[in-house]
Amino acid sequence: MNTEIKIIKEDTFKTILSAVNKMVDFIAPTFGPKGSKVIIDKLPYRMVVDDGVQIARDFELMDPAENAIVKLIREAAIKTNDREGDGTTGSLIILQSILNGISRKSKIDIQKVEAELRKGLEEVKDYILKNKKQIKSRAELKRVALTSFDNEEIAEMISDLYFKLGKDAVITVEKSPTMETYTETSEGIKLESGYISPYMINNPEKMETIIEKPFFLLTDYRLTQNSDIFSLMEKMSAENKSGLIVIAENVEQQALATLVINLPQVINPQTKQLGRFSSVAINIPKDDDNHILLENLAILTGAKVFSSEKGDKLETATIQDLGKAEKFICRREESIIIGPKGKKVDIAMAITSLKRAIENEKKESIKNLFIKRLGTLTGMVAAIKVGALTEGEQKSLKYKVEDAVNSVKSAFKHGVVCGAGRSLAQIKTSSSLLNKALKAPSVQLMESAGLPDDLGLDDDHVMNLMTGETGPFMGAGVIDSADVVLAGVESAISVALTLLTSSGIIVESQKESKGG
């Protein structure tokens with residue numbers, strides 16, 4: 001087998017439309033509480049799912065040009081999922097409707113369509129912001145969770161955790177070592193900073209890095225030389241230790257290359273073998289005072305801060321200078337430290353000191369800094385441990401729980417609107433093309449449930465498709481996060497315009513070799 005370059009110029013939009021229709025027609029029936037499921041049997045897993053973004057990850061077409069379109073849509077779907085954690089399938093349905101609407105036009109004025117859709121999007125934003133409602137009770141949180149995943153036990157777990165820990169709670173979803181699903185709460189902190197290099201990802205399915213029992217190197221230096229990091233790596237390797245988390249002003253050039261070529265998922269170009277030293281590097285999160293943030297992390301993890309102000313030398317760093325924790329999860333734009341191992345007495349003394357400072361401080365700006373630092377030191381992280389009979393079932397359940405967690409988080413922080421596609425279906429923008437597309441998710445939901453498009457209900461009443469209950473959307477439990485709904489529309493329009501303004505496709509594909 002070798003490769004050939006395929007160029008499509010004349011039938012670009014036809015190819016795009018074909019790929020979009022094949023992909024969305026396959027995924028759309030899974031939409032909603034009564035949607036169907038898809039069997040995925042691809043190494044290294046086999047599972048039955050109704051999660052749109054997971055199906056999109058595994059969906060492929062034989063035609064290389066059409067598959068190039070699928071890859072582009074998949075990237076957009078994953079970004080939407082990363083942003084809000086849900087809403088992928090609804091977004092794909094809107095995208096399909098927009099493109100099919102354009103295909104029915106006898107003549108396409110691309111600039112006019114673009115202006116029409118962008119104006120329509122602003123009108124959608126205005127409507128959602130005007131009509132969203134804030135969550136006020138645990139019961140309302142539970143209804144949001146049930147809308148995303150119709151499982152009473154899971155909905156109870158999620159709503160309880162968020163109501164106890166607050167809108168900014170950090171909740172992870174992990175595999176349970178047993179068949180039971182349960183929750184655990186531990187000390188922890190979320191940092192608004194992610195991996196410096198994507199090579200550091202060791203869980204490509206979720207585009208994240210997970211390191212168990214990590215060690216933390218904290219410094220305000222900019223690491224550029226091999227010597228900044230290699231000596232410490234050698235000391236750790238000599239004691240069969242790995243899992244180094246570097247939090248620094250920046251890690252680049254030779255220092256970054258040294259970390260990357262030693263990663264277990266990267267082939268070293270010199271030895272032609274996989275590395276043996278796991279690590280992640282992140283920049284110090286932007287904060288009002290980076291020094292205070294590093295000192296907080298030092299107290300929490302038991303690390304020493306290597307400070308340029310004090311003239312500390314990184315070459316002298318030892319394993320004893322490193323902080324510890326139970327687990328470190330790192331994504332593109334955030335990191336989570338779970339179970340930091342700093343001395344309890346040091347943490348308690350810092351908390352007591354800060355509480356006293358907050359009480360005595362008169363200046364509001366300084367008091368707010370103390371409050372923020374106290375929040376860092378008293379942070380909690382919750383985990384939902386998902387259990388099931390088989391690995392495939394566990395994987396499928398984990399995706400559903402993750403979607404529900406993200407939906408509840410977004411709803412709690414940013415408010416909710418009527419779900420089941422009703423909010424979008426009721427919006428009247430200046431774009432007839434967009435108006436029809438906004439109705440498409442509601443139509444698909446009714447079709448999946450085997451119900452007519454019009455249930456004869458007025459605009460203020462909806463039907464819960466799982467319970468059959470009708471009434472105002474909050475009471476009936478037909479709820480969607482306002483941000484999830486908006487993100488879905490934004491993604492659909494963004495992808496539609498990208499595809500619509502594409503005048504050609506260049507794709508590399510496999511070509512059968514001639515002869516024996």
# chains A, B, ... in the order shown; residues from 1 in each chain; ligands from 1

call {"tool": "residues_around", "arguments": {"residues": "range 379-386 of chain A", "least_positions_apart": "6", "cutoff": "6 Å", "atoms": "only C-alpha atoms", "output": "list in words"}}
result
Val170, Ile171, Thr172, Val173, Glu174, Lys175, Ser176, Thr181, Tyr182, Thr183, Glu184, Thr185, Ser186, Glu187, Gly188 and Ile189 of chain A

call {"tool": "residues_around", "arguments": {"residues": "range 33-48 of chain A", "least_positions_apart": "3", "cutoff": "8 Å", "atoms": "only C-alpha atoms", "output": "list in words"}}
result
Pro29, Thr30, Ile55, Asp58, Thr147, Ser148, Phe149, Asp150, Gly392, Glu393, Lys395, Ser396, Leu445, Ser448, Ala449, Leu465 and Met466 of chain A

call {"tool": "closest_residue", "arguments": {"among": "A:Glu402, A:Glu252, A:Asp220, A:Glu490", "to": "Gly311 in chain A", "atoms": "only C-alpha atoms"}}
result
A:Asp220

call {"tool": "select_by_dssp", "arguments": {"residues": "range 298-362 of chain A", "states": "alpha helix (DSSP H)", "output": "MDAnalysis selection string"}}
result
chainID A and resid 298:301 344:360

call {"tool": "write_last_selection", "arguments": {"atoms": "all heavy atoms", "output": "short mmCIF file (atom, residue, chain, number, x, y, z; two decimals), in the first residue's frame"}}
result
data_model
loop_
_atom_site.label_atom_id
_atom_site.label_comp_id
_atom_site.auth_asym_id
_atom_site.auth_seq_id
_atom_site.Cartn_x
_atom_site.Cartn_y
_atom_site.Cartn_z
N ALA A 298 2.68 25.00 47.63
CA ALA A 298 3.76 24.41 48.42
C ALA A 298 3.22 23.89 49.75
O ALA A 298 3.56 22.78 50.19
CB ALA A 298 4.85 25.44 48.65
N ILE A 299 2.36 24.67 50.40
CA ILE A 299 1.77 24.25 51.68
C ILE A 299 0.90 23.02 51.47
O ILE A 299 0.94 22.05 52.23
CB ILE A 299 0.95 25.40 52.30
CG1 ILE A 299 1.89 26.54 52.73
CG2 ILE A 299 0.16 24.90 53.52
CD1 ILE A 299 1.16 27.80 53.14
N LEU A 300 0.09 23.04 50.40
CA LEU A 300 -0.83 21.94 50.14
C LEU A 300 -0.12 20.64 49.82
O LEU A 300 -0.52 19.56 50.26
CB LEU A 300 -1.78 22.30 48.99
CG LEU A 300 -2.94 23.24 49.31
CD1 LEU A 300 -3.61 23.72 48.04
CD2 LEU A 300 -3.95 22.58 50.24
N THR A 301 0.94 20.72 49.02
CA THR A 301 1.60 19.50 48.54
C THR A 301 2.86 19.13 49.34
O THR A 301 3.39 18.03 49.18
CB THR A 301 2.01 19.64 47.06
OG1 THR A 301 2.98 20.69 46.93
CG2 THR A 301 0.79 19.96 46.20
N LYS A 344 -0.53 18.35 57.54
CA LYS A 344 -1.82 18.84 58.03
C LYS A 344 -1.63 20.04 58.96
O LYS A 344 -2.40 20.99 58.94
CB LYS A 344 -2.56 17.73 58.77
CG LYS A 344 -2.88 16.51 57.92
CD LYS A 344 -3.87 16.83 56.84
CE LYS A 344 -4.25 15.58 56.05
NZ LYS A 344 -5.15 15.89 54.91
N VAL A 345 -0.59 19.99 59.79
CA VAL A 345 -0.37 21.07 60.74
C VAL A 345 -0.01 22.37 60.03
O VAL A 345 -0.46 23.45 60.43
CB VAL A 345 0.74 20.68 61.77
CG1 VAL A 345 2.08 20.48 61.08
CG2 VAL A 345 0.83 21.74 62.86
N ASP A 346 0.77 22.29 58.95
CA ASP A 346 1.12 23.50 58.19
C ASP A 346 -0.10 24.09 57.52
O ASP A 346 -0.28 25.32 57.49
CB ASP A 346 2.18 23.16 57.14
CG ASP A 346 3.53 22.82 57.75
OD1 ASP A 346 3.72 23.12 58.94
OD2 ASP A 346 4.37 22.24 57.04
N ILE A 347 -0.95 23.22 56.94
CA ILE A 347 -2.18 23.69 56.28
C ILE A 347 -3.11 24.33 57.30
O ILE A 347 -3.67 25.41 57.07
CB ILE A 347 -2.88 22.52 55.55
CG1 ILE A 347 -1.98 21.97 54.43
CG2 ILE A 347 -4.22 22.98 54.98
CD1 ILE A 347 -2.50 20.70 53.78
N ALA A 348 -3.25 23.69 58.46
CA ALA A 348 -4.15 24.21 59.51
C ALA A 348 -3.66 25.56 60.01
O ALA A 348 -4.48 26.49 60.22
CB ALA A 348 -4.22 23.21 60.66
N MET A 349 -2.36 25.71 60.19
CA MET A 349 -1.80 26.99 60.66
C MET A 349 -2.02 28.08 59.63
O MET A 349 -2.37 29.22 59.98
CB MET A 349 -0.30 26.82 60.95
CG MET A 349 0.00 26.03 62.21
SD MET A 349 1.78 25.76 62.45
CE MET A 349 2.37 27.45 62.62
N ALA A 350 -1.84 27.76 58.35
CA ALA A 350 -2.05 28.75 57.29
C ALA A 350 -3.51 29.18 57.22
O ALA A 350 -3.82 30.37 57.04
CB ALA A 350 -1.60 28.17 55.95
N ILE A 351 -4.43 28.22 57.38
CA ILE A 351 -5.86 28.53 57.35
C ILE A 351 -6.24 29.42 58.52
O ILE A 351 -6.96 30.42 58.36
CB ILE A 351 -6.69 27.22 57.37
CG1 ILE A 351 -6.54 26.49 56.02
CG2 ILE A 351 -8.16 27.52 57.65
CD1 ILE A 351 -7.15 25.10 56.01
N THR A 352 -5.75 29.09 59.72
CA THR A 352 -6.04 29.90 60.92
C THR A 352 -5.52 31.32 60.75
O THR A 352 -6.20 32.30 61.08
CB THR A 352 -5.40 29.26 62.16
OG1 THR A 352 -5.93 27.94 62.32
CG2 THR A 352 -5.69 30.07 63.41
N SER A 353 -4.31 31.43 60.22
CA SER A 353 -3.69 32.75 60.01
C SER A 353 -4.49 33.58 59.02
O SER A 353 -4.71 34.78 59.22
CB SER A 353 -2.26 32.56 59.53
OG SER A 353 -1.65 33.80 59.24
N LEU A 354 -4.94 32.95 57.95
CA LEU A 354 -5.71 33.67 56.93
C LEU A 354 -7.06 34.11 57.47
O LEU A 354 -7.52 35.23 57.18
CB LEU A 354 -5.89 32.78 55.69
CG LEU A 354 -4.72 32.75 54.71
CD1 LEU A 354 -4.95 31.66 53.67
CD2 LEU A 354 -4.55 34.10 54.02
N LYS A 355 -7.72 33.25 58.21
CA LYS A 355 -9.02 33.62 58.79
C LYS A 355 -8.88 34.84 59.71
O LYS A 355 -9.73 35.74 59.70
CB LYS A 355 -9.61 32.44 59.57
CG LYS A 355 -10.16 31.33 58.68
CD LYS A 355 -10.75 30.18 59.50
CE LYS A 355 -11.38 29.14 58.59
NZ LYS A 355 -11.92 27.98 59.37
N ARG A 356 -7.80 34.87 60.48
CA ARG A 356 -7.55 36.00 61.37
C ARG A 356 -7.27 37.27 60.55
O ARG A 356 -7.77 38.36 60.87
CB ARG A 356 -6.37 35.69 62.28
CG ARG A 356 -6.16 36.71 63.41
CD ARG A 356 -4.99 36.32 64.30
NE ARG A 356 -5.20 35.01 64.91
CZ ARG A 356 -4.41 33.97 64.73
NH1 ARG A 356 -3.37 34.07 63.92
NH2 ARG A 356 -4.65 32.81 65.32
N ALA A 357 -6.51 37.11 59.47
CA ALA A 357 -6.18 38.26 58.62
C ALA A 357 -7.43 38.82 57.94
O ALA A 357 -7.59 40.04 57.80
CB ALA A 357 -5.15 37.85 57.57
N ILE A 358 -8.33 37.92 57.52
CA ILE A 358 -9.58 38.35 56.87
C ILE A 358 -10.43 39.16 57.85
O ILE A 358 -11.02 40.19 57.49
CB ILE A 358 -10.36 37.13 56.35
CG1 ILE A 358 -9.62 36.50 55.16
CG2 ILE A 358 -11.78 37.52 55.93
CD1 ILE A 358 -10.13 35.14 54.76
N GLU A 359 -10.49 38.73 59.10
CA GLU A 359 -11.29 39.42 60.12
C GLU A 359 -10.73 40.81 60.41
O GLU A 359 -11.48 41.77 60.63
CB GLU A 359 -11.30 38.60 61.42
CG GLU A 359 -12.13 37.33 61.34
CD GLU A 359 -12.02 36.51 62.62
OE1 GLU A 359 -11.35 36.97 63.58
OE2 GLU A 359 -12.60 35.40 62.66
N ASN A 360 -9.40 40.95 60.39
CA ASN A 360 -8.76 42.22 60.79
C ASN A 360 -8.55 43.18 59.63
O ASN A 360 -8.34 44.38 59.86
CB ASN A 360 -7.41 41.93 61.46
CG ASN A 360 -7.58 41.14 62.75
OD1 ASN A 360 -8.59 41.26 63.43
ND2 ASN A 360 -6.57 40.33 63.08
#

call {"tool": "residues_around", "arguments": {"residues": "Glu156 in chain A", "least_positions_apart": "6", "cutoff": "10 Å", "atoms": "only C-alpha atoms", "output": "count of residues only"}}
result
7
